[in-house]
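Only one structure is covered here, and it is reproduced in the block below.
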Amino acid sequence: MYRYILFDLDGTLTDSGEGITKSVAYAIEKMGFPALPQSTLLKFIGPPLYESFEKFYGFTHDEAVKAVGCYREYYNAGGIFELKIYDGIIDLLRSLKKSGKTIVLATSKPEIYAEKIAKKFGFYEYF
């Protein structure tokens with residue numbers, strides 16, 4: 001019925017909460033601000049980081065830019081791969097591709113990160 005199928009990366013294909021929340025916690029600590037509760041850290045999964053630091057922590061735009069830089073320090077050092085692919089996802093992607101569907105990866109992450117994750121966890125070839 002559908003020819004094109006879009007999948008979000010975080011929360012749909014992968015459970016990326018560990019790497020994202022640890023990266024946020026690292027950024028907050030590095031900037032010298034009090035730690036956030038886990039319930040607030042979880043809200044950072046999905047939306048763009050700049051907006052999340054402004055909304056959930058009350059940062060100014062300049063503080064949010066600095067926080068994202070700190071976030072990426074941790075994320076680039078290994079947080080990017082602190083995730084799990086949901087059970088059955090690879091089989092689903094393989095089946096959709098085999099049936100002729102065009103599968104598209106949708107994410108607010110920078111493309112370079114999405115590609116690294118997809119390659120590392122073996123689903124790049126389906127998109």
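Labels for the structure tokens follow display order: chains A, B, ..., residues from 1 in each chain, ligands from 1.
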Per residue of segment 23-103 of chain A within 10 Å of segment 109-121 of chain A, record the nearest atom pair and its distance in Å to one decimal, counting only C-alpha atoms, with rows in chain order and ascending residue number, as a tab-separated table.
```
residue	atom	partner	partner_atom	distance
A:Gly46	CA	A:Lys109	CA	8.8
A:Pro47	CA	A:Lys109	CA	9.2
A:Pro48	CA	A:Lys109	CA	7.7
A:Leu49	CA	A:Lys109	CA	9.0
A:Tyr75	CA	A:Tyr113	CA	9.6
A:Asn76	CA	A:Tyr113	CA	8.8
A:Ile80	CA	A:Ile117	CA	7.2
A:Phe81	CA	A:Ile117	CA	6.8
A:Glu82	CA	A:Ile117	CA	9.9
A:Leu83	CA	A:Ile117	CA	9.2
A:Lys84	CA	A:Phe121	CA	8.7
A:Ile85	CA	A:Phe121	CA	7.6
A:Ile90	CA	A:Phe121	CA	9.3
```
Residues from the last selection, all heavy atoms, saved as a CSV table (one decimal), in the first residue's frame:
```csv
chain,number,residue,atom,x,y,z
A,46,GLY,N,14.7,13.2,21.6
A,46,GLY,CA,13.8,13.5,20.5
A,46,GLY,C,13.9,15.0,20.0
A,46,GLY,O,14.4,15.2,18.9
A,47,PRO,N,13.6,15.9,20.8
A,47,PRO,CA,13.6,17.3,20.3
A,47,PRO,C,15.1,17.8,20.1
A,47,PRO,O,16.0,17.3,20.6
A,47,PRO,CB,13.0,18.1,21.5
A,47,PRO,CG,12.4,17.2,22.4
A,47,PRO,CD,13.0,15.9,22.2
A,48,PRO,N,15.2,18.9,19.3
A,48,PRO,CA,16.5,19.5,19.1
A,48,PRO,C,17.2,19.9,20.4
A,48,PRO,O,16.5,20.4,21.3
A,48,PRO,CB,16.2,20.7,18.2
A,48,PRO,CG,15.0,20.3,17.5
A,48,PRO,CD,14.2,19.5,18.5
A,49,LEU,N,18.4,19.7,20.5
A,49,LEU,CA,19.1,20.0,21.8
A,49,LEU,C,19.1,21.4,22.2
A,49,LEU,O,18.9,21.7,23.4
A,49,LEU,CB,20.6,19.5,21.7
A,49,LEU,CG,20.8,18.0,21.7
A,49,LEU,CD1,22.3,17.7,21.3
A,49,LEU,CD2,20.5,17.4,23.0
A,75,TYR,N,29.2,12.8,23.8
A,75,TYR,CA,28.6,12.0,22.8
A,75,TYR,C,29.6,11.5,21.8
A,75,TYR,O,29.6,10.3,21.4
A,75,TYR,CB,27.5,12.9,22.1
A,75,TYR,CG,26.5,12.2,21.3
A,75,TYR,CD1,25.5,11.4,21.9
A,75,TYR,CD2,26.6,12.2,19.9
A,75,TYR,CE1,24.6,10.7,21.2
A,75,TYR,CE2,25.6,11.5,19.1
A,75,TYR,CZ,24.7,10.8,19.8
A,75,TYR,OH,23.7,10.1,19.0
A,76,ASN,N,30.5,12.4,21.3
A,76,ASN,CA,31.5,11.9,20.4
A,76,ASN,C,32.5,10.9,21.0
A,76,ASN,O,33.1,10.1,20.2
A,76,ASN,CB,32.3,13.1,19.8
A,76,ASN,CG,31.4,13.9,18.8
A,76,ASN,OD1,30.6,13.4,18.1
A,76,ASN,ND2,31.6,15.2,18.8
A,80,ILE,N,27.5,8.3,21.7
A,80,ILE,CA,26.8,8.0,20.4
A,80,ILE,C,26.4,6.5,20.3
A,80,ILE,O,25.3,6.2,19.8
A,80,ILE,CB,27.6,8.5,19.2
A,80,ILE,CG1,26.8,8.3,17.9
A,80,ILE,CG2,28.9,7.7,19.1
A,80,ILE,CD1,27.5,8.9,16.7
A,81,PHE,N,27.2,5.7,20.9
A,81,PHE,CA,26.9,4.2,20.7
A,81,PHE,C,26.3,3.6,22.0
A,81,PHE,O,26.2,2.4,22.1
A,81,PHE,CB,28.2,3.5,20.3
A,81,PHE,CG,28.7,4.0,19.0
A,81,PHE,CD1,30.1,4.4,18.9
A,81,PHE,CD2,27.9,4.0,17.8
A,81,PHE,CE1,30.6,4.8,17.6
A,81,PHE,CE2,28.4,4.5,16.6
A,81,PHE,CZ,29.7,4.9,16.5
A,82,GLU,N,26.0,4.4,23.0
A,82,GLU,CA,25.3,3.9,24.2
A,82,GLU,C,23.8,3.8,23.9
A,82,GLU,O,23.0,4.6,24.3
A,82,GLU,CB,25.6,4.8,25.4
A,82,GLU,CG,27.0,4.7,25.8
A,82,GLU,CD,27.3,5.7,27.0
A,82,GLU,OE1,26.9,6.8,27.0
A,82,GLU,OE2,28.1,5.2,27.9
A,83,LEU,N,23.4,2.8,23.1
A,83,LEU,CA,22.0,2.6,22.7
A,83,LEU,C,21.8,1.2,22.4
A,83,LEU,O,22.7,0.4,22.3
A,83,LEU,CB,21.7,3.5,21.5
A,83,LEU,CG,22.5,3.3,20.2
A,83,LEU,CD1,22.0,2.2,19.4
A,83,LEU,CD2,22.4,4.6,19.4
A,84,LYS,N,20.5,0.8,22.2
A,84,LYS,CA,20.2,-0.5,21.8
A,84,LYS,C,19.2,-0.4,20.7
A,84,LYS,O,18.3,0.4,20.7
A,84,LYS,CB,19.5,-1.2,23.0
A,84,LYS,CG,20.4,-1.5,24.2
A,84,LYS,CD,19.6,-2.1,25.3
A,84,LYS,CE,20.5,-2.2,26.5
A,84,LYS,NZ,20.2,-1.3,27.6
A,85,ILE,N,19.3,-1.3,19.7
A,85,ILE,CA,18.3,-1.4,18.7
A,85,ILE,C,17.1,-2.2,19.2
A,85,ILE,O,17.3,-3.3,19.9
A,85,ILE,CB,18.9,-2.1,17.4
A,85,ILE,CG1,20.0,-1.3,16.9
A,85,ILE,CG2,17.8,-2.3,16.4
A,85,ILE,CD1,20.7,-2.0,15.7
A,90,ILE,N,15.8,-4.9,12.7
A,90,ILE,CA,16.6,-5.3,11.5
A,90,ILE,C,15.7,-6.2,10.6
A,90,ILE,O,15.7,-6.1,9.4
A,90,ILE,CB,17.9,-6.0,11.9
A,90,ILE,CG1,18.8,-5.1,12.7
A,90,ILE,CG2,18.6,-6.6,10.7
A,90,ILE,CD1,19.3,-3.9,12.0
```
Item to check | Selection: 12 Å around Tyr2 of chain A, only C-alpha atoms, excl. self and same-chain fewer than 2 positions, as a PyMOL selection string | outcome: chain A and resi 4-6+96+99-103
Let me see the file: selected residues, N, CA and C atoms, as a PDB file, in the first residue's frame.
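In the end it all went to result05.pdb:
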```
ATOM      1  N   TYR A   4       6.757   4.649   0.367  1.00  0.00           N
ATOM      2  CA  TYR A   4       7.790   5.299   1.167  1.00  0.00           C
ATOM      3  C   TYR A   4       7.447   5.153   2.644  1.00  0.00           C
ATOM      4  N   ILE A   5       8.438   4.755   3.414  1.00  0.00           N
ATOM      5  CA  ILE A   5       8.230   4.570   4.847  1.00  0.00           C
ATOM      6  C   ILE A   5       9.343   5.305   5.589  1.00  0.00           C
ATOM      7  N   LEU A   6       8.957   6.181   6.500  1.00  0.00           N
ATOM      8  CA  LEU A   6       9.911   6.956   7.292  1.00  0.00           C
ATOM      9  C   LEU A   6      10.000   6.378   8.701  1.00  0.00           C
ATOM     10  N   LEU A  96      10.898  -4.999   4.623  1.00  0.00           N
ATOM     11  CA  LEU A  96      10.371  -3.854   3.878  1.00  0.00           C
ATOM     12  C   LEU A  96      11.196  -3.585   2.623  1.00  0.00           C
ATOM     13  N   SER A  99      10.562  -6.116  -0.052  1.00  0.00           N
ATOM     14  CA  SER A  99       9.260  -5.967  -0.711  1.00  0.00           C
ATOM     15  C   SER A  99       9.203  -4.733  -1.610  1.00  0.00           C
ATOM     16  N   GLY A 100      10.351  -4.034  -1.752  1.00  0.00           N
ATOM     17  CA  GLY A 100      10.414  -2.914  -2.688  1.00  0.00           C
ATOM     18  C   GLY A 100      10.099  -1.554  -2.110  1.00  0.00           C
ATOM     19  N   LYS A 101       9.939  -1.470  -0.802  1.00  0.00           N
ATOM     20  CA  LYS A 101       9.640  -0.184  -0.176  1.00  0.00           C
ATOM     21  C   LYS A 101      10.891   0.701  -0.141  1.00  0.00           C
ATOM     22  N   THR A 102      10.679   2.000  -0.208  1.00  0.00           N
ATOM     23  CA  THR A 102      11.752   2.956  -0.009  1.00  0.00           C
ATOM     24  C   THR A 102      11.697   3.388   1.446  1.00  0.00           C
ATOM     25  N   ILE A 103      12.786   3.140   2.172  1.00  0.00           N
ATOM     26  CA  ILE A 103      12.819   3.420   3.599  1.00  0.00           C
ATOM     27  C   ILE A 103      13.702   4.646   3.832  1.00  0.00           C
TER      28      ILE A 103
END
```
Item to check | DSSP strand (DSSP E) residues within chain A, as a VMD selection string | outcome: chain A and resid 4 to 8 14 to 15 84 to 85 102 to 106
Write the selection just made, keeping N, CA and C atoms, as a compact mmCIF listing (two decimals), in the first residue's frame?
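Saved as selection-v4.txt:
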```txt
# COMPACT_ATOMS: atom_id res chain seq x y z
N TYR A 4 6.76 4.65 0.37
CA TYR A 4 7.79 5.30 1.17
C TYR A 4 7.45 5.15 2.64
N ILE A 5 8.44 4.75 3.41
CA ILE A 5 8.23 4.57 4.85
C ILE A 5 9.34 5.30 5.59
N LEU A 6 8.96 6.18 6.50
CA LEU A 6 9.91 6.96 7.29
C LEU A 6 10.00 6.38 8.70
N PHE A 7 11.22 6.28 9.19
CA PHE A 7 11.46 5.83 10.56
C PHE A 7 12.27 6.89 11.30
N ASP A 8 11.84 7.22 12.49
CA ASP A 8 12.63 8.08 13.36
C ASP A 8 13.72 7.20 13.98
N THR A 14 15.82 2.81 17.71
CA THR A 14 16.76 2.57 18.80
C THR A 14 16.25 3.15 20.12
N ASP A 15 16.69 2.51 21.18
CA ASP A 15 16.52 3.07 22.52
C ASP A 15 17.83 3.77 22.82
N LYS A 84 20.55 0.83 22.21
CA LYS A 84 20.16 -0.53 21.82
C LYS A 84 19.16 -0.43 20.68
N ILE A 85 19.30 -1.33 19.72
CA ILE A 85 18.30 -1.42 18.66
C ILE A 85 17.14 -2.24 19.21
N THR A 102 10.68 2.00 -0.21
CA THR A 102 11.75 2.96 -0.01
C THR A 102 11.70 3.39 1.45
N ILE A 103 12.79 3.14 2.17
CA ILE A 103 12.82 3.42 3.60
C ILE A 103 13.70 4.65 3.83
N VAL A 104 13.19 5.58 4.63
CA VAL A 104 13.88 6.83 4.88
C VAL A 104 14.10 6.98 6.39
N LEU A 105 15.30 7.40 6.76
CA LEU A 105 15.63 7.65 8.16
C LEU A 105 15.41 9.13 8.46
N ALA A 106 14.54 9.41 9.42
CA ALA A 106 14.23 10.78 9.81
C ALA A 106 14.75 11.00 11.23
```
Checklist entry - Hey, which of A:Tyr57, A:Phe127, A:Tyr86, A:Tyr71 ends up closest to Ala27 of chain A? Count only C-alpha atoms. => result A:Tyr71
Item to check | alpha helix (DSSP H) call set, DSSP backbone run, segment 55-116 of chain A, as a VMD selection string | outcome: chain A and resid 55 to 57 61 to 77 89 to 98 111 to 116
